[in-house]
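The next block is run_2.cif, given as mmCIF, C-alpha atoms.
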data_upload
loop_
_atom_site.label_atom_id
_atom_site.label_comp_id
_atom_site.auth_asym_id
_atom_site.auth_seq_id
_atom_site.Cartn_x
_atom_site.Cartn_y
_atom_site.Cartn_z
CA MET A 24 0.00 0.00 0.00
CA LEU A 25 1.08 3.59 -0.51
CA PRO A 26 1.06 5.25 2.90
CA ALA A 27 -0.07 8.80 3.43
CA ARG A 28 2.53 11.38 4.28
CA PRO A 29 2.98 12.38 7.91
CA PRO A 30 0.84 15.38 8.87
CA PRO A 31 2.31 18.84 8.15
CA GLY A 32 4.24 20.52 10.92
CA ASP A 33 5.26 17.30 12.69
CA PRO A 34 6.66 18.58 16.02
CA ARG A 35 9.36 15.93 16.34
CA PRO A 36 12.82 17.24 15.61
CA GLY A 37 14.25 16.27 12.23
CA VAL A 38 11.27 14.26 10.97
CA GLY A 39 7.91 15.09 9.45
CA ASN A 40 6.60 17.38 6.77
CA ARG A 41 7.56 21.00 6.85
CA ALA A 42 4.68 23.43 7.23
CA PRO A 43 3.95 25.37 4.01
CA ARG A 44 5.83 28.62 3.84
CA GLU A 45 3.70 31.65 4.58
CA GLY A 46 2.71 33.39 1.38
CA ALA A 47 3.88 30.50 -0.84
CA PRO A 48 2.16 30.43 -4.25
CA ALA A 49 -0.32 27.72 -5.13
CA PRO A 50 1.31 24.80 -6.97
CA PHE A 51 -0.75 25.37 -10.11
CA PRO A 52 -1.81 29.06 -10.25
CA SER A 53 -5.01 30.00 -12.05
CA PRO A 54 -4.78 32.32 -15.06
CA ARG A 55 -5.07 36.01 -14.26
CA PRO A 56 -8.47 37.57 -15.13
CA LEU A 57 -8.68 39.52 -18.37
CA GLN A 58 -10.81 42.35 -16.92
CA GLY A 59 -8.78 45.44 -16.15
CA TRP A 60 -5.64 44.39 -18.03
CA PRO A 61 -3.87 47.34 -19.65
CA GLY A 62 -3.11 47.55 -23.38
CA SER A 63 -4.99 46.77 -26.55
CA ALA A 64 -7.03 43.66 -27.27
CA ARG A 65 -4.14 42.39 -29.40
CA ASP A 66 -1.73 42.84 -26.47
CA ARG A 67 -4.10 41.00 -24.16
CA CYS A 68 -4.43 38.10 -26.59
CA ALA A 69 -0.65 37.91 -26.91
CA HIS A 70 -0.34 37.82 -23.12
CA VAL A 71 -2.85 34.97 -22.87
CA THR A 72 -1.03 33.06 -25.60
CA ALA A 73 2.26 33.50 -23.72
CA LEU A 74 0.71 32.04 -20.58
CA LEU A 75 -0.61 28.89 -22.24
CA PRO A 76 2.70 26.95 -22.59
CA ALA A 77 3.49 27.36 -18.87
CA GLU A 78 -0.02 26.31 -17.89
CA MET A 79 0.18 23.33 -20.22
CA ARG A 80 3.48 22.30 -18.67
CA GLU A 81 1.92 22.50 -15.22
CA GLU A 82 -0.98 20.34 -16.33
CA GLU A 83 1.40 17.83 -17.90
CA GLU A 84 3.47 17.71 -14.70
CA GLU A 85 0.32 17.23 -12.63
CA GLU A 86 -0.79 14.37 -14.88
CA GLU A 87 2.70 12.86 -14.74
CA GLU A 88 2.67 12.97 -10.94
CA GLU A 89 -0.79 11.41 -10.76
CA GLY A 90 0.37 8.70 -13.14
CA TRP A 91 3.40 7.95 -10.99
CA LEU A 92 1.25 7.77 -7.84
CA LEU A 93 -1.02 5.22 -9.53
CA ASP A 94 1.94 3.26 -10.89
CA SER A 95 3.56 3.21 -7.45
CA LEU A 96 0.89 0.77 -6.29
CA ARG A 97 2.43 -1.89 -8.51
CA LEU A 98 6.04 -0.62 -8.51
CA TYR A 99 6.57 -0.79 -4.73
CA ASN A 100 5.87 -3.20 -1.92
CA ASP A 101 6.47 -0.34 0.51
CA LEU A 102 6.94 3.39 -0.02
CA HIS A 103 7.46 5.83 2.84
CA VAL A 104 7.92 9.55 2.11
CA PHE A 105 9.21 11.97 4.75
CA GLU A 106 10.57 15.49 4.91
CA LEU A 107 13.51 16.51 7.06
CA HIS A 108 14.01 19.96 8.55
CA GLU A 109 17.20 20.20 6.50
CA PRO A 110 18.57 18.08 3.65
CA THR A 111 21.22 15.43 4.25
CA ARG A 112 23.91 13.89 2.05
CA VAL A 113 24.72 11.05 4.45
CA ILE A 114 22.63 7.99 5.38
CA GLU A 115 24.73 5.74 7.61
CA TRP A 116 23.53 2.45 9.10
CA THR A 117 24.26 2.00 12.80
CA GLY A 118 22.47 -1.36 12.96
CA GLU A 119 19.72 -3.23 11.13
CA LYS A 120 17.05 -0.89 12.51
CA ARG A 121 18.85 2.46 12.81
CA ILE A 122 20.38 5.09 10.59
CA CYS A 123 22.21 8.37 11.16
CA ILE A 124 21.67 11.48 9.05
CA ALA A 125 23.21 14.96 9.26
CA GLY A 126 22.85 18.39 7.66
CA TYR A 127 25.42 19.90 5.33
CA GLY A 128 24.33 23.55 5.15
CA ASP A 129 26.55 26.59 5.59
CA ARG A 130 25.40 27.31 9.12
CA ARG A 131 26.77 27.05 12.64
CA ARG A 132 24.31 24.38 13.75
CA ASN A 133 23.80 21.35 11.55
CA GLU A 134 21.69 18.58 13.05
CA ILE A 135 23.06 15.07 13.44
CA LEU A 136 20.38 12.49 14.30
CA GLN A 137 20.03 8.78 14.91
CA LEU A 138 16.66 7.52 13.67
CA LEU A 139 14.84 4.27 14.39
CA LEU A 140 13.23 2.84 11.27
CA PRO A 141 9.45 2.33 11.09
CA PRO A 142 8.56 -1.18 12.35
CA ARG A 143 7.41 -2.25 8.89
CA LEU A 144 10.89 -1.57 7.47
CA SER A 145 12.88 -2.88 10.41
CA ALA A 146 11.47 -6.39 10.00
CA LYS A 147 13.06 -8.86 7.61
CA GLU A 148 9.60 -9.83 6.36
CA ASN A 149 6.48 -7.73 5.90
CA GLN A 150 4.33 -7.70 9.02
CA GLY A 151 1.10 -6.53 7.42
CA LEU A 152 -0.52 -3.45 8.88
CA CYS A 153 1.64 -1.43 11.28
CA PRO A 154 0.19 1.51 13.20
CA GLU A 155 3.57 3.28 13.44
CA ARG A 156 4.88 4.29 10.02
CA ASP A 157 7.31 7.08 10.92
CA PHE A 158 10.95 7.33 11.88
CA LYS A 159 11.61 7.89 15.57
CA VAL A 160 14.39 10.20 16.74
CA GLU A 161 16.46 8.30 19.32
CA CYS A 162 19.23 10.81 19.90
CA GLY A 163 20.73 13.89 18.28
CA GLY A 164 23.19 16.72 18.44
CA PHE A 165 24.57 19.67 16.52
CA SER A 166 27.72 20.14 14.46
CA ASP A 167 29.35 23.54 14.02
CA ARG A 168 30.37 22.58 10.47
CA PRO A 169 28.63 20.89 7.54
CA ILE A 170 28.81 17.09 7.50
CA PHE A 171 29.75 15.71 4.08
CA ASN A 172 30.86 12.24 5.17
CA LEU A 173 29.74 10.13 8.14
CA LYS A 174 30.78 6.62 9.19
CA HIS A 175 29.78 4.42 12.10
CA VAL A 176 32.64 2.70 13.93
CA PRO A 177 31.54 -0.98 14.06
CA GLU A 178 30.72 -2.53 17.45
CA THR A 179 30.90 0.87 19.17
CA SER A 180 28.69 3.90 19.82
CA LEU A 181 31.10 6.13 17.90
CA LEU A 182 30.63 8.07 14.67
CA VAL A 183 33.31 9.80 12.60
CA SER A 184 32.45 12.74 10.35
CA SER A 185 34.18 15.16 8.01
CA GLY A 186 33.25 18.35 6.22
CA LEU A 187 34.49 21.76 5.20
CA PRO A 188 36.46 23.89 5.80
CA ASP A 189 39.32 21.36 6.16
CA GLY A 190 40.19 17.67 6.28
CA SER A 191 40.01 17.12 10.05
CA LEU A 192 37.70 14.46 11.48
CA GLN A 193 35.18 14.83 14.28
CA VAL A 194 34.51 11.85 16.56
CA TRP A 195 31.02 11.60 18.09
CA HIS A 196 29.55 9.46 20.86
CA MET A 197 25.90 8.37 20.73
CA GLU A 198 24.03 8.09 24.05
CA PRO A 199 20.47 6.99 23.16
CA ASP A 200 19.78 5.37 26.54
CA GLU A 201 21.35 8.02 28.75
CA THR A 202 21.02 11.63 27.64
CA ASP A 203 19.63 11.14 24.11
CA VAL A 204 22.53 13.26 22.92
CA ILE A 205 25.13 12.76 20.21
CA LYS A 206 28.11 14.70 21.50
CA PRO A 207 31.57 15.44 20.05
CA VAL A 208 34.39 13.77 21.98
CA ARG A 209 37.57 14.47 20.00
CA THR A 210 39.07 15.79 16.78
CA ILE A 211 41.55 13.97 14.56
CA PRO A 212 43.82 16.40 12.68
CA ALA A 213 43.79 16.48 8.89
CA ALA A 214 46.17 14.05 7.25
CA GLY A 215 47.04 16.55 4.53
CA GLY A 216 47.50 19.71 6.57
CA HIS A 217 45.10 22.60 6.03
CA GLU A 218 43.93 21.90 2.50
CA PRO A 219 40.50 23.54 1.92
CA THR A 220 38.88 20.19 1.07
CA TRP A 221 37.07 17.64 3.20
CA ALA A 222 38.36 14.16 3.99
CA LYS A 223 37.03 10.85 2.69
CA ILE A 224 36.50 8.25 5.44
CA ALA A 225 36.23 4.47 5.79
CA THR A 226 35.95 2.17 8.79
CA ALA A 227 36.64 -1.56 8.92
CA PRO A 228 34.35 -4.13 10.60
CA SER A 229 37.35 -6.15 11.81
CA LYS A 230 39.21 -3.11 13.15
CA SER A 231 36.69 -1.24 15.27
CA GLY A 232 39.25 1.25 16.54
CA TRP A 233 40.62 2.31 13.14
CA VAL A 234 39.58 4.99 10.68
CA LEU A 235 40.98 5.32 7.15
CA HIS A 236 41.02 8.92 5.92
CA GLY A 237 42.62 11.40 3.55
CA GLN A 238 42.07 14.24 1.11
CA LYS A 239 44.59 13.25 -1.59
CA ILE A 240 46.22 9.99 -2.64
CA SER A 241 49.50 11.19 -1.09
CA ASP A 242 48.08 11.74 2.42
CA VAL A 243 45.97 8.59 2.97
CA GLN A 244 46.47 7.23 6.48
CA VAL A 245 44.95 4.95 9.10
CA THR A 246 44.49 6.44 12.57
CA GLU A 247 43.68 4.68 15.84
CA ILE A 248 40.64 6.58 17.10
CA GLU A 249 41.17 6.21 20.84
CA SER A 250 44.85 7.20 20.97
CA GLY A 251 45.12 9.31 17.82
CA LYS A 252 48.16 7.26 16.80
CA THR A 253 48.94 6.93 13.09
CA VAL A 254 48.95 3.21 12.27
CA PHE A 255 49.67 3.55 8.55
CA ARG A 256 50.63 6.32 6.17
CA THR A 257 50.96 6.05 2.42
CA GLY A 258 54.27 6.57 0.73
CA SER A 259 52.71 7.69 -2.56
CA THR A 260 53.77 10.91 -4.26
CA ASN A 261 50.54 11.13 -6.27
CA HIS A 262 48.57 14.28 -5.39
CA ASP A 263 45.29 13.41 -7.13
CA GLU A 264 42.16 14.29 -5.17
CA LEU A 265 40.49 11.37 -3.42
CA ALA A 266 36.98 10.33 -4.43
CA THR A 267 36.51 7.12 -2.41
CA LEU A 268 38.31 5.18 0.32
CA GLU A 269 37.44 1.60 1.31
CA PHE A 270 38.83 -1.37 3.23
CA LEU A 271 38.96 -4.47 1.04
CA ASP A 272 39.86 -6.57 4.08
CA GLN A 273 41.57 -5.97 7.42
CA ALA A 274 44.97 -5.54 5.72
CA THR A 275 44.22 -4.01 2.32
CA VAL A 276 42.86 -0.56 1.50
CA LEU A 277 41.61 0.73 -1.82
CA ALA A 278 41.55 4.34 -2.98
CA CYS A 279 39.85 5.77 -6.05
CA SER A 280 40.96 9.18 -7.28
CA SER A 281 38.55 11.72 -8.71
CA SER A 282 40.00 10.89 -12.15
CA GLY A 283 38.97 7.23 -11.75
CA ARG A 284 42.37 5.63 -11.04
CA LEU A 285 42.57 2.83 -8.48
CA PHE A 286 45.27 2.49 -5.82
CA LEU A 287 45.96 -0.40 -3.41
CA ALA A 288 48.03 -0.60 -0.22
CA ASP A 289 48.86 -3.04 2.58
CA VAL A 290 48.38 -1.37 5.96
CA ARG A 291 50.67 -3.91 7.64
CA GLN A 292 53.55 -1.90 6.19
CA PRO A 293 54.11 1.27 8.24
CA GLN A 294 55.00 3.26 5.12
CA GLY A 295 53.09 1.31 2.50
CA LEU A 296 53.27 2.36 -1.13
CA LEU A 297 49.82 3.01 -2.51
CA GLY A 298 50.40 1.28 -5.83
CA VAL A 299 48.47 2.46 -8.86
CA ALA A 300 46.38 -0.20 -10.56
CA GLU A 301 46.93 0.43 -14.24
CA ASP A 302 43.81 -0.64 -16.09
CA ALA A 303 41.86 0.07 -19.25
CA PRO A 304 38.66 1.73 -17.99
CA VAL A 305 40.00 5.26 -17.47
CA PRO A 306 41.64 5.62 -20.92
CA LEU A 307 38.42 4.08 -22.22
CA ALA A 308 36.54 7.29 -21.41
CA PRO A 309 38.97 10.19 -21.04
CA ALA A 310 36.24 12.85 -20.94
CA GLU A 311 34.06 11.18 -18.32
CA GLY A 312 34.74 13.87 -15.71
CA ARG A 313 34.69 13.06 -12.01
CA TRP A 314 34.52 9.46 -10.74
CA CYS A 315 33.48 7.72 -7.53
CA ALA A 316 33.67 4.07 -6.45
CA ALA A 317 32.16 1.41 -4.19
CA VAL A 318 33.33 -2.02 -3.00
CA ARG A 319 31.18 -5.12 -2.90
CA HIS A 320 32.07 -7.67 -0.24
CA GLY A 321 30.48 -10.91 -1.40
CA PRO A 322 27.95 -12.53 0.97
CA GLN A 323 29.01 -15.99 2.03
CA ARG A 324 25.85 -17.47 0.52
CA PHE A 325 27.11 -16.52 -2.97
CA VAL A 326 29.58 -19.34 -3.62
CA GLY A 327 32.77 -18.27 -5.34
CA ASP A 328 31.93 -14.58 -4.96
CA HIS A 329 34.87 -12.23 -4.50
CA PRO A 330 35.13 -8.49 -3.78
CA GLN A 331 34.38 -6.25 -6.72
CA VAL A 332 34.94 -2.55 -7.30
CA ALA A 333 32.39 -0.45 -9.17
CA ARG A 334 33.38 2.92 -10.54
CA LEU A 335 30.88 5.51 -11.73
CA SER A 336 31.75 8.57 -13.83
CA ALA A 337 29.92 11.87 -14.17
CA GLY A 338 29.48 10.94 -17.83
CA GLY A 339 27.38 7.90 -16.94
CA CYS A 340 30.02 5.19 -17.38
CA VAL A 341 30.11 2.23 -14.94
CA VAL A 342 33.13 -0.08 -14.74
CA LEU A 343 33.35 -3.26 -12.62
CA THR A 344 36.81 -4.51 -11.64
CA ASP A 345 38.22 -7.42 -9.63
CA PRO A 346 40.83 -5.86 -7.29
CA ARG A 347 42.89 -9.05 -7.52
CA ASN A 348 43.36 -8.49 -11.25
CA THR A 349 43.02 -4.85 -12.22
CA ALA A 350 44.68 -5.23 -15.63
CA ARG A 351 41.31 -5.23 -17.34
CA PRO A 352 37.69 -4.65 -16.33
CA LEU A 353 35.23 -7.43 -15.69
CA LYS A 354 32.27 -5.48 -17.06
CA ALA A 355 31.52 -2.01 -18.35
CA ALA A 356 28.47 -0.02 -19.38
CA THR A 357 27.80 3.43 -20.77
CA GLY A 358 24.75 5.63 -21.09
CA CYS A 359 23.60 4.82 -17.56
CA VAL A 360 22.08 8.29 -17.10
CA PRO A 361 19.79 10.40 -19.29
CA ALA A 362 21.85 13.59 -18.83
CA PRO A 363 25.55 13.31 -17.85
CA ARG A 364 26.76 15.76 -15.18
CA ARG A 365 30.40 16.42 -15.99
CA ALA A 366 30.11 19.59 -13.90
CA GLY A 367 28.51 19.83 -10.46
CA SER A 368 28.85 16.11 -9.76
CA GLU A 369 29.34 16.34 -5.99
CA PHE A 370 26.56 13.84 -5.19
CA LEU A 371 27.68 10.96 -7.42
CA CYS A 372 26.94 7.66 -5.70
CA VAL A 373 27.20 4.00 -6.72
CA SER A 374 26.45 1.03 -4.46
CA PHE A 375 26.15 -2.75 -4.66
CA ALA A 376 23.06 -4.54 -3.39
CA PRO A 377 24.30 -6.53 -0.37
CA GLN A 378 21.64 -9.24 -0.68
CA LEU A 379 21.26 -9.44 -4.47
CA GLN A 380 23.74 -10.87 -6.92
CA GLU A 381 24.95 -8.68 -9.79
CA CYS A 382 22.79 -5.70 -8.89
CA LEU A 383 23.82 -2.10 -8.22
CA ALA A 384 22.30 1.37 -7.88
CA ILE A 385 23.48 4.81 -9.00
CA SER A 386 22.33 8.35 -8.20
CA GLY A 387 23.46 11.97 -8.12
CA PHE A 388 22.53 12.97 -11.68
CA ASP A 389 18.93 14.06 -11.13
CA GLY A 390 16.01 13.29 -8.82
CA THR A 391 16.10 9.55 -9.47
CA VAL A 392 17.84 6.41 -8.19
CA ARG A 393 18.52 3.87 -10.95
CA ILE A 394 18.98 0.15 -10.36
CA TYR A 395 20.86 -2.04 -12.84
CA ARG A 396 21.38 -5.76 -13.19
CA THR A 397 24.91 -6.38 -14.47
CA GLN A 398 24.51 -10.04 -15.41
CA SER A 399 24.45 -9.35 -19.16
CA TRP A 400 27.27 -6.79 -19.17
CA GLY A 401 30.57 -7.64 -20.80
CA PRO A 402 34.15 -6.24 -20.74
CA ALA A 403 33.45 -4.09 -23.80
CA PRO A 404 31.36 -1.00 -22.98
CA GLN A 405 27.71 -1.23 -23.94
CA ASP A 406 24.60 0.84 -23.37
CA ALA A 407 22.70 -0.31 -20.31
CA GLU A 408 19.00 -0.06 -19.50
CA PRO A 409 17.90 0.30 -15.86
CA LEU A 410 16.00 -2.51 -14.21
CA PHE A 411 14.10 -0.04 -12.01
CA ILE A 412 13.96 3.75 -11.57
CA HIS A 413 12.83 5.40 -8.35
CA ARG A 414 11.31 8.76 -9.36
CA GLY A 415 9.76 9.62 -6.02
CA HIS A 416 12.01 12.61 -5.28
CA VAL A 417 10.92 14.23 -8.54
CA PHE A 418 7.33 14.38 -7.29
CA SER A 419 7.67 14.71 -3.52
CA SER A 420 9.19 18.18 -3.40
CA ALA A 421 7.76 20.64 -0.86
CA GLU A 422 6.71 22.78 -3.81
CA ALA A 423 4.90 20.79 -6.47
CA ALA A 424 6.30 22.94 -9.27
CA ASP A 425 9.90 22.22 -8.22
CA ARG A 426 11.32 19.47 -10.40
CA SER A 427 14.99 20.26 -9.83
CA ALA A 428 15.70 18.21 -6.67
CA LEU A 429 18.91 16.16 -6.82
CA VAL A 430 19.35 12.87 -4.98
CA THR A 431 22.19 13.44 -2.51
CA ALA A 432 22.58 9.89 -1.15
CA HIS A 433 21.14 6.39 -1.25
CA THR A 434 21.84 3.18 0.64
CA TRP A 435 20.60 -0.42 0.57
CA HIS A 436 19.02 -2.04 3.60
CA PRO A 437 21.55 -4.52 5.02
CA CYS A 438 18.98 -7.36 5.29
CA ARG A 439 15.96 -6.62 3.08
CA PRO A 440 17.07 -7.35 -0.51
CA HIS A 441 14.92 -4.79 -2.36
CA THR A 442 14.73 -2.01 0.23
CA LEU A 443 16.64 1.27 -0.17
CA LEU A 444 16.71 4.64 1.54
CA SER A 445 17.40 7.83 -0.41
CA ALA A 446 17.59 11.57 0.28
CA ALA A 447 17.47 14.68 -1.90
CA THR A 448 18.36 18.37 -1.88
CA ASP A 449 14.76 19.36 -1.10
CA GLY A 450 14.95 17.64 2.30
CA SER A 451 12.95 14.58 1.26
CA LEU A 452 13.85 11.18 2.76
CA HIS A 453 12.36 8.07 1.16
CA ALA A 454 12.32 4.44 2.25
CA TRP A 455 11.17 2.14 -0.52
CA ASP A 456 10.94 -1.55 -1.32
CA TRP A 457 10.82 -1.99 -5.10
CA VAL A 458 9.21 -4.77 -7.08
CA ASP A 459 11.58 -6.57 -9.42
CA PRO A 460 9.92 -6.42 -12.86
CA CYS A 461 11.66 -9.70 -13.79
CA GLY A 462 10.38 -11.43 -10.66
CA ALA A 463 13.92 -12.43 -9.61
CA THR A 464 14.96 -12.82 -5.99
#

Please, can you express the file's structure as structure tokens?
Amino acid sequence: MLPARPPPGDPRPGVGNRAPREGAPAPFPSPRPLQGWPGSARDRCAHVTALLPAEMREEEEEEEEEGWLLDSLRLYNDLHVFELHEPTRVIEWTGEKRICIAGYGDRRRNEILQLLLPPRLSAKENQGLCPERDFKVECGGFSDRPIFNLKHVPETSLLVSSGLPDGSLQVWHMEPDETDVIKPVRTIPAAGGHEPTWAKIATAPSKSGWVLHGQKISDVQVTEIESGKTVFRTGSTNHDELATLEFLDQATVLACSSSGRLFLADVRQPQGLLGVAEDAPVPLAPAEGRWCAAVRHGPQRFVGDHPQVARLSAGGCVVLTDPRNTARPLKAATGCVPAPRRAGSEFLCVSFAPQLQECLAISGFDGTVRIYRTQSWGPAPQDAEPLFIHRGHVFSSAEAADRSALVTAHTWHPCRPHTLLSAATDGSLHAWDWVDPCGAT
């Protein structure tokens, strides 16, 4: 079923629809009356003619939204639409039933919140009708800087964040059962000095006290959170900007530069060389603009599955690589977006489905999240068609006429195979369980 939105003006902090702005125009304004208009009859007719295209566009958009709402009954098993007080670009899981979000605005007080999922989404199987369909704020705090990256430290109550104006990290402690406060506890200095860029972060499940961070390939390091001690520092002289950092395992780290090049290092070496992985995909598309990456750690139930790296370019190119053999790509696809964003690509995001084989999602190009099945892809680039497109953020804006919202982040549910959460620049937060049109599981 398609649930109704929460009532406007929800008093809970961080969740619920925003009240309409005072004096805001109606979504679809009526034509102005002809009586009393200045000018000749010809001028008035010209003015009416000029209004018609805009009115027609509004009617078309209204019909398109109504069509999507009707289609959503068959496209989704569950669809929950919420509005935050401020938009977020981070959605970080802190357990199977909890996420953390945070604001990224240029203000002195950006909210950081831990939310409990609605009961219907926190269960591994649908439970039928549930009276509670909203997120619940468990604890929260405020950051004096925007939060662009946020990671939970596994098996702890700690969070690590980064954001402008520099590459330092802020460590937070969550206290949901005590004071309901998320409070800052320490700062980790920037690995690259005072560069005016923010740090990329990764944490490792097997190393709960470590954080991998850096702003450039040359300043990647691993820091012990409790002591602040540097465990590993790269010996690379490459000064490319970092796009993504990930742990492949407890000893190996992977870095992807903004130009799409991959680097590997062994953290067991105190001054490990971050070796470049020379491969074909980057020369394949030299004008693809900025890149980002994600790592897929194969579930044990997928026999013979090994880690994979997916890279996504602002030009809509996706490349899959086995980090054990980076000489050539496993699979590649082009044309994965309707309108490439070679400029303004700060929200690029690619992610593997943790419970589905050969399935990934991309976002950051427009107000949609696109899901692809990579089973038919080959090493040679080919045009790819999405398996599913979530268009909810296009239609759920606070102002119905606003169709310019960009998806800022998305994430897969760790246990429910077809459930994702996504956020957009208009402050919308969606939780949705999509129906596979091929009927695959």

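Taking CA of Thr448 (chain A) and CA of Phe418 (chain A) as endpoints, the distance between them is 12.9 Å.
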
> Any idea what the distance is between CA of Val254 (chain A) and CA of Pro346 (chain A)?
Replying inline: 23.0 Å

> So how far away is CA of Leu268 (chain A) from CA of Lys120 (chain A), in Å?
Replying inline: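 Between CA of Lys120 (chain A) and CA of Leu268 (chain A) the gap works out to 25.2 Å.
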
>> Taking 6 positions as the minimum chain separation for residues in the same chain, which residues sit within 10 Å of Gly415 (chain A) when counting all atoms listed in the file? Answer as a list in words.
In response: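 In the requested format, the answer is Glu88, Trp91, Leu92, Ser95, Leu102, His103, Val104, Gly390, Thr391, Val392, Ser445, Ser451, Leu452, His453 and Trp455 of chain A.
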
>> Which residues, named as in the file, does the PyMOL selection byres ((chain A and resi 191-207) around 10) pick out? Answer as a PyMOL selection string.
In response: chain A and resi 134-137+160-166+168+170+172-176+179-190+208-218+220-224+234+236-238+248-249

>> Taking 3 positions as the minimum chain separation for residues in the same chain, which residues sit within 8 Å of Ser282 (chain A) when counting only C-alpha atoms? Answer as a ChimeraX atom specification.
In response: /A:263,279,305,312-314

>> I want to know what sits within 6 Å of Gly450 (chain A), based on all atoms listed in the file, with residues of the same chain fewer than 4 positions away left out; could you give that as a list of chain:residue names?
In response: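 My reading of the contact set: A:Glu106, A:Leu107, A:Glu109, A:Pro110.
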
>> Which residue is closest to Thr442 (chain A)? Choose from A:Ala428, A:Leu93, A:Ala384, A:Ala407 and count only C-alpha atoms.
In response: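 Nearest candidate to Thr442 (chain A) out of A:Ala428, A:Leu93, A:Ala384, A:Ala407: A:Ala384.
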